[in-house]
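Have a look at query.tsv; it's TSV, C-alpha atoms and all ligand atoms:
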```
chain	number	residue	atom	x	y	z
A	1	MET	CA	0.00	0.00	0.00
A	2	PRO	CA	1.60	3.31	-1.04
A	3	VAL	CA	1.98	6.24	1.29
A	4	ASN	CA	-0.77	8.83	1.14
A	5	ASN	CA	1.25	11.81	-0.13
A	6	ASP	CA	-1.55	14.35	0.20
A	7	VAL	CA	-2.14	13.42	3.81
A	8	TYR	CA	1.61	13.58	4.42
A	9	ARG	CA	1.95	17.09	2.99
A	10	ARG	CA	-1.06	18.32	4.92
A	11	LEU	CA	0.22	16.79	8.17
A	12	MET	CA	3.71	18.21	7.67
A	13	ALA	CA	2.31	21.68	7.02
A	14	GLU	CA	0.15	21.43	10.13
A	15	CYS	CA	3.05	20.18	12.25
A	16	ALA	CA	5.46	22.81	10.93
A	17	ALA	CA	2.98	25.58	11.70
A	18	ARG	CA	2.63	24.36	15.29
A	19	LYS	CA	6.32	23.41	15.77
A	20	VAL	CA	5.42	19.76	16.22
A	21	THR	CA	7.62	16.82	15.22
A	22	LEU	CA	5.84	14.20	13.15
A	23	VAL	CA	7.02	10.66	13.83
A	24	ALA	CA	5.87	8.40	11.00
A	25	VAL	CA	4.98	5.09	12.60
A	26	SER	CA	6.09	2.45	10.11
A	27	LYS	CA	5.52	-0.73	12.13
A	28	THR	CA	4.47	-3.70	9.94
A	29	LYS	CA	5.07	-1.58	6.81
A	30	PRO	CA	7.65	-2.49	4.15
A	31	ILE	CA	10.96	-0.75	3.50
A	32	SER	CA	9.57	0.60	0.23
A	33	ASP	CA	6.91	2.61	2.11
A	34	ILE	CA	9.52	4.06	4.46
A	35	LEU	CA	11.76	4.99	1.53
A	36	GLU	CA	8.89	6.75	-0.17
A	37	LEU	CA	8.55	9.13	2.77
A	38	TYR	CA	12.33	9.34	3.17
A	39	ASN	CA	12.58	10.52	-0.43
A	40	LEU	CA	10.09	13.28	0.34
A	41	GLY	CA	12.54	14.43	3.00
A	42	HIS	CA	11.12	12.71	6.06
A	43	ARG	CA	13.60	11.46	8.66
A	44	ASP	CA	11.68	10.59	11.85
A	45	PHE	CA	10.28	7.07	11.86
A	46	GLY	CA	8.79	5.08	14.72
A	47	GLU	CA	8.75	1.34	15.31
A	48	ASN	CA	7.24	-0.81	18.06
A	49	TYR	CA	9.06	-4.09	17.86
A	50	VAL	CA	12.77	-4.53	18.50
A	51	GLN	CA	13.26	-7.35	16.03
A	52	GLU	CA	11.45	-5.52	13.26
A	53	LEU	CA	13.42	-2.34	13.88
A	54	THR	CA	16.80	-4.08	13.93
A	55	GLN	CA	15.93	-5.76	10.63
A	56	LYS	CA	14.88	-2.51	8.97
A	57	GLN	CA	17.54	-0.16	10.30
A	58	PRO	CA	20.50	-1.46	8.23
A	59	GLN	CA	18.37	-1.38	5.07
A	60	LEU	CA	17.73	2.35	5.34
A	61	PRO	CA	20.03	5.39	5.11
A	62	PRO	CA	22.01	6.17	8.26
A	63	ASP	CA	20.45	9.59	8.75
A	64	VAL	CA	17.03	8.15	9.59
A	65	ARG	CA	16.09	9.10	13.15
A	66	TRP	CA	14.64	5.93	14.64
A	67	HIS	CA	12.12	6.33	17.42
A	68	PHE	CA	11.36	3.27	19.48
A	69	ILE	CA	7.78	3.78	20.61
A	70	GLY	CA	6.77	0.32	21.87
A	71	HIS	CA	7.06	-1.37	25.23
A	72	LEU	CA	10.74	-2.17	25.76
A	73	GLN	CA	12.08	-5.06	27.79
A	74	SER	CA	15.37	-4.50	29.59
A	75	ASN	CA	17.00	-7.49	27.91
A	76	LYS	CA	16.44	-5.95	24.47
A	77	VAL	CA	17.97	-2.53	25.10
A	78	LYS	CA	21.30	-3.78	23.80
A	79	PHE	CA	19.89	-4.10	20.28
A	80	LEU	CA	18.78	-0.47	20.15
A	81	ALA	CA	21.50	1.30	22.12
A	82	PRO	CA	23.94	1.62	19.19
A	83	PHE	CA	21.66	3.70	16.98
A	84	VAL	CA	18.27	4.63	18.45
A	85	HIS	CA	17.40	8.34	18.31
A	86	LEU	CA	14.72	8.44	21.02
A	87	ILE	CA	13.11	5.80	23.24
A	88	HIS	CA	9.54	6.94	23.92
A	89	ALA	CA	8.11	4.50	26.42
A	90	VAL	CA	10.42	4.15	29.41
A	91	ASP	CA	8.19	2.83	32.17
A	92	SER	CA	10.55	1.88	34.98
A	93	LEU	CA	13.75	3.03	36.65
A	94	LYS	CA	15.17	-0.41	36.04
A	95	LEU	CA	14.76	0.11	32.30
A	96	LEU	CA	16.23	3.60	32.51
A	97	ARG	CA	19.30	2.24	34.32
A	98	GLU	CA	19.74	-0.46	31.70
A	99	ILE	CA	19.49	2.14	28.92
A	100	ASP	CA	22.17	4.17	30.68
A	101	ARG	CA	24.46	1.16	31.07
A	102	LEU	CA	24.23	0.21	27.40
A	103	ALA	CA	24.44	3.78	26.17
A	104	SER	CA	27.69	4.08	28.11
A	105	LYS	CA	28.95	0.83	26.60
A	106	ASN	CA	28.27	2.29	23.15
A	107	ASN	CA	29.87	5.64	24.05
A	108	ARG	CA	26.59	7.41	23.43
A	109	VAL	CA	24.05	9.50	25.22
A	110	VAL	CA	20.64	7.97	24.54
A	111	ARG	CA	17.59	10.21	24.69
A	112	ALA	CA	14.45	8.92	26.39
A	113	LEU	CA	10.91	9.87	27.34
A	114	LEU	CA	9.13	8.64	30.45
A	115	GLN	CA	5.81	7.02	29.65
A	116	VAL	CA	2.96	8.17	31.84
A	117	HIS	CA	-0.19	6.15	32.32
A	118	ILE	CA	-3.06	8.49	31.49
A	119	ALA	CA	-5.64	6.14	29.94
A	120	ARG	CA	-8.55	4.50	31.69
A	121	GLU	CA	-7.49	1.06	30.47
A	122	GLU	CA	-5.62	-0.97	33.05
A	123	THR	CA	-3.33	-2.56	30.51
A	124	LYS	CA	-1.39	0.46	29.31
A	125	PHE	CA	2.16	0.68	30.63
A	126	GLY	CA	3.66	3.72	32.28
A	127	PHE	CA	4.42	5.59	35.46
A	128	ASP	CA	1.57	6.99	37.48
A	129	GLU	CA	1.68	10.50	38.88
A	130	GLN	CA	3.18	9.53	42.21
A	131	GLU	CA	5.87	7.34	40.69
A	132	LEU	CA	6.78	10.22	38.41
A	133	GLU	CA	7.22	12.51	41.39
A	134	GLU	CA	9.67	10.04	42.90
A	135	ILE	CA	12.00	10.45	39.94
A	136	THR	CA	14.16	13.33	41.00
A	137	VAL	CA	16.89	15.42	39.48
A	138	ASP	CA	19.30	13.37	41.63
A	139	THR	CA	18.05	10.09	40.15
A	140	LEU	CA	18.68	11.38	36.67
A	141	ARG	CA	22.07	12.82	37.52
A	142	GLN	CA	23.21	9.32	38.32
A	143	LEU	CA	22.52	8.36	34.72
A	144	PRO	CA	25.03	10.42	32.73
A	145	ASN	CA	24.52	8.53	29.47
A	146	THR	CA	20.76	8.94	29.42
A	147	GLU	CA	19.07	12.20	28.64
A	148	VAL	CA	15.44	12.28	29.74
A	149	VAL	CA	13.95	14.92	27.47
A	150	GLY	CA	10.25	14.59	28.12
A	151	LEU	CA	7.12	12.52	28.58
A	152	MET	CA	4.99	10.26	26.42
A	153	GLY	CA	1.43	9.12	26.86
A	154	MET	CA	-1.40	7.30	25.15
A	155	ALA	CA	-5.00	8.34	25.68
A	156	SER	CA	-7.86	5.90	26.19
A	157	LEU	CA	-9.11	4.08	23.13
A	158	THR	CA	-12.44	5.83	22.86
A	159	LYS	CA	-14.40	7.98	20.47
A	160	ASP	CA	-15.15	10.32	23.37
A	161	MET	CA	-12.76	13.13	22.35
A	162	GLU	CA	-13.60	15.16	25.43
A	163	ALA	CA	-12.28	12.32	27.62
A	164	VAL	CA	-9.18	12.10	25.42
A	165	ARG	CA	-8.68	15.86	25.73
A	166	GLN	CA	-8.81	15.69	29.52
A	167	GLU	CA	-6.19	12.93	29.55
A	168	PHE	CA	-3.83	14.91	27.31
A	169	ARG	CA	-4.42	18.01	29.41
A	170	GLN	CA	-3.47	16.06	32.52
A	171	LEU	CA	-0.27	14.86	30.83
A	172	LYS	CA	0.64	18.41	29.83
A	173	LYS	CA	0.18	19.48	33.43
A	174	LEU	CA	2.54	16.76	34.63
A	175	TYR	CA	5.00	17.74	31.91
A	176	ASP	CA	4.98	21.39	32.99
A	177	ALA	CA	5.43	20.44	36.63
A	178	LEU	CA	8.42	18.23	35.78
A	179	ALA	CA	9.90	20.82	33.42
A	180	ALA	CA	10.07	23.25	36.33
A	181	HIS	CA	12.73	20.96	37.85
A	182	LEU	CA	14.32	19.60	34.69
A	183	PRO	CA	15.29	22.35	32.26
A	184	GLN	CA	16.38	19.83	29.62
A	185	LEU	CA	12.77	18.81	28.94
A	186	ASN	CA	11.64	19.74	25.44
A	187	THR	CA	9.46	16.89	24.18
A	188	LEU	CA	5.87	15.90	24.89
A	189	SER	CA	4.98	12.90	22.74
A	190	MET	CA	1.21	12.47	22.55
A	191	GLY	CA	-1.32	11.88	19.80
A	192	MET	CA	-1.80	9.23	17.12
A	193	SER	CA	-3.88	9.05	13.91
A	194	ALA	CA	-7.21	9.30	15.68
A	195	ASP	CA	-6.40	11.97	18.25
A	196	TYR	CA	-3.33	13.92	17.14
A	197	ALA	CA	-5.26	17.18	16.56
A	198	VAL	CA	-6.50	17.14	20.15
A	199	ALA	CA	-3.00	16.31	21.40
A	200	ILE	CA	-1.48	19.28	19.54
A	201	ASP	CA	-4.27	21.52	20.84
A	202	GLU	CA	-3.41	20.46	24.37
A	203	GLY	CA	0.28	21.26	24.00
A	204	GLY	CA	1.92	18.13	22.65
A	205	ASN	CA	4.92	18.78	20.39
A	206	MET	CA	5.54	15.30	19.01
A	207	VAL	CA	2.88	13.13	17.36
A	208	ARG	CA	3.17	9.47	16.36
A	209	ILE	CA	1.14	8.75	13.26
A	210	GLY	CA	0.87	5.42	11.47
A	211	SER	CA	-2.34	4.39	9.77
A	212	LEU	CA	-3.26	7.86	8.54
A	213	LEU	CA	-0.01	7.95	6.53
A	214	PHE	CA	0.60	4.34	5.61
A	215	GLY	CA	-2.92	2.94	5.58
A	216	ALA	CA	-4.49	0.48	7.99
A	217	ARG	CA	-2.32	-2.29	9.42
A	218	GLN	CA	-3.24	-5.96	9.07
B	301	LIG	C1	0.99	2.02	16.53
B	301	LIG	C2	1.29	3.15	17.43
B	301	LIG	C3	1.06	4.47	17.01
B	301	LIG	C4	0.44	4.85	15.68
B	301	LIG	O1	-0.89	4.47	15.66
B	301	LIG	P1	-1.88	4.95	14.48
B	301	LIG	O2	-3.21	4.87	15.11
B	301	LIG	O3	-1.71	3.97	13.38
B	301	LIG	O4	-1.49	6.31	14.10
B	301	LIG	C5	1.43	5.49	17.88
B	301	LIG	N1	1.96	5.24	19.08
B	301	LIG	C6	2.17	3.98	19.51
B	301	LIG	C7	2.77	3.78	20.86
B	301	LIG	C8	1.82	2.91	18.71
B	301	LIG	O5	2.02	1.67	19.16
```

So that I can check it, write out the structure of this file as structure tokens.
Ligand SMILES: *Cc1c(COP(=O)(O)O)cnc(C)c1O
Amino acid sequence: MPVNNDVYRRLMAECAARKVTLVAVSKTKPISDILELYNLGHRDFGENYVQELTQKQPQLPPDVRWHFIGHLQSNKVKFLAPFVHLIHAVDSLKLLREIDRLASKNNRVVRALLQVHIAREETKFGFDEQELEEITVDTLRQLPNTEVVGLMGMASLTKDMEAVRQEFRQLKKLYDALAAHLPQLNTLSMGMSADYAVAIDEGGNMVRIGSLLFGARQ
């Protein structure tokens, strides 16, 4: 299925106007689709599965910025540490420490977002508000090879856009509170195909969009 070029141009214009980074979520999609967007100048791509990402990465130009947006297990960090641009869904200190260890091993600083649980569903990963408060400047200082640059969240899977808006608003509030202590914060990753407009409205500056660009996944 080819990329929807019109949608891409419209999204890019919208994102540029609002100073939002568009991450094109290419999970399950072939290399040819990714190259199509790459050839239009796009560089930020997001993947959910470690094995799929490590298979695709060597087949694409080295200036692609790979975002890992899925749930990450500590034992798989080693596969991403050499090249990943941003890890979106860090949901434990244990994982953050492992990222730091492997970033150091690769002589890199790896950038990461803390995932916050904002949805009603029980199954979504992420820190809750109290756990987030327990992560202090001191905690992060002990991780010199990890740069925590922001937060990421997923809203409830619902057509009730008012509920979604409230969840994004809550995440923005947490982001602002954290940013008061951590001046390096600059990224709030929220919004997907169905709810990105609401996310941008509520102050998100990075959206992760798959099906709208690449068509529905199997
Ligand atoms: C798949 C996925 C997306 C993109 O979803 P679409 O609805 O296809 O835009 C965004 N974020 C995460 C974490 C995902 O897993």

Would you mind listing the residues within 12 Å of ligand LIG 301 (chain B), counting all atoms listed in the file, as a ChimeraX atom specification?
/A:22-29,45-49,67-72,87-90,115-116,124-126,152-155,157,189-197,206-218

Got time to write the residues from that selection, C-alpha atoms, as a compact mmCIF listing (two decimals), in the frame of the given file?
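Result written to result-v9.txt:
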```txt
# COMPACT_ATOMS: atom_id res chain seq x y z
CA LEU A 22 5.84 14.20 13.15
CA VAL A 23 7.02 10.66 13.83
CA ALA A 24 5.87 8.40 11.00
CA VAL A 25 4.98 5.09 12.60
CA SER A 26 6.09 2.45 10.11
CA LYS A 27 5.52 -0.73 12.13
CA THR A 28 4.47 -3.70 9.94
CA LYS A 29 5.07 -1.58 6.81
CA PHE A 45 10.28 7.07 11.86
CA GLY A 46 8.79 5.08 14.72
CA GLU A 47 8.75 1.34 15.31
CA ASN A 48 7.24 -0.81 18.06
CA TYR A 49 9.06 -4.09 17.86
CA HIS A 67 12.12 6.33 17.42
CA PHE A 68 11.36 3.27 19.48
CA ILE A 69 7.78 3.78 20.61
CA GLY A 70 6.77 0.32 21.87
CA HIS A 71 7.06 -1.37 25.23
CA LEU A 72 10.74 -2.17 25.76
CA ILE A 87 13.11 5.80 23.24
CA HIS A 88 9.54 6.94 23.92
CA ALA A 89 8.11 4.50 26.42
CA VAL A 90 10.42 4.15 29.41
CA GLN A 115 5.81 7.02 29.65
CA VAL A 116 2.96 8.17 31.84
CA LYS A 124 -1.39 0.46 29.31
CA PHE A 125 2.16 0.68 30.63
CA GLY A 126 3.66 3.72 32.28
CA MET A 152 4.99 10.26 26.42
CA GLY A 153 1.43 9.12 26.86
CA MET A 154 -1.40 7.30 25.15
CA ALA A 155 -5.00 8.34 25.68
CA LEU A 157 -9.11 4.08 23.13
CA SER A 189 4.98 12.90 22.74
CA MET A 190 1.21 12.47 22.55
CA GLY A 191 -1.32 11.88 19.80
CA MET A 192 -1.80 9.23 17.12
CA SER A 193 -3.88 9.05 13.91
CA ALA A 194 -7.21 9.30 15.68
CA ASP A 195 -6.40 11.97 18.25
CA TYR A 196 -3.33 13.92 17.14
CA ALA A 197 -5.26 17.18 16.56
CA MET A 206 5.54 15.30 19.01
CA VAL A 207 2.88 13.13 17.36
CA ARG A 208 3.17 9.47 16.36
CA ILE A 209 1.14 8.75 13.26
CA GLY A 210 0.87 5.42 11.47
CA SER A 211 -2.34 4.39 9.77
CA LEU A 212 -3.26 7.86 8.54
CA LEU A 213 -0.01 7.95 6.53
CA PHE A 214 0.60 4.34 5.61
CA GLY A 215 -2.92 2.94 5.58
CA ALA A 216 -4.49 0.48 7.99
CA ARG A 217 -2.32 -2.29 9.42
CA GLN A 218 -3.24 -5.96 9.07
```

Nearest to A:Glu167, restricted to all atoms listed in the file and choosing among A:Val64, A:Asp91, A:Glu121, A:Arg18, comes out as A:Glu121

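Distance-wise, atom CA of A:Ser92 and atom CA of A:Val137 end up 15.6 Å apart.
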
Between atom CA of A:Glu134 and atom CA of A:Val20, measure the distance and give it in Å to one decimal.
28.7 Å

Counting only C-alpha atoms, the residue among A:Val148, A:Ala13, A:Ile31, A:Leu37 that lies closest to A:Gln55 is A:Ile31

Of the residues A:Leu93, A:Val109, A:Leu151, A:Leu40, which is the one nearest to A:Glu131, using all atoms listed in the file?
A:Leu93

What gap, in Å, lies between atom CA of A:Leu132 and atom CA of A:Asn186?
16.8 Å

Just the residues within 7 Å of A:Ser156, please, counting all atoms listed in the file, with nothing from its chain fewer than 4 positions along; format it as a ChimeraX atom specification.
/A:119-121,164

Quick one: residues within 9 Å of A:Phe83, all atoms listed in the file, excluding same-chain residues fewer than 4 positions away - as a PDB file with C-alpha atoms, in the frame of the given file?
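Contents of result-v5.pdb, as written:
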```pdb
ATOM      1  CA  GLN A  57      17.540  -0.160  10.300  1.00  0.00           C
ATOM      2  CA  ARG A  65      16.090   9.100  13.150  1.00  0.00           C
ATOM      3  CA  TRP A  66      14.640   5.930  14.640  1.00  0.00           C
ATOM      4  CA  PHE A  79      19.890  -4.100  20.280  1.00  0.00           C
ATOM      5  CA  ARG A 108      26.590   7.410  23.430  1.00  0.00           C
ATOM      6  CA  VAL A 110      20.640   7.970  24.540  1.00  0.00           C
TER       7      VAL A 110
END
```

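Minimum atom-to-atom distances from A:Ala103, A:Ile200, A:Ala163, A:Leu114 to A:Leu185 were compared using all atoms listed in the file, and the lowest value belongs to A:Leu114.
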
For A:Glu133, which residue out of A:Leu174, A:Val7, A:Val77, A:Ile99 is the nearest one, using all atoms listed in the file?
A:Leu174
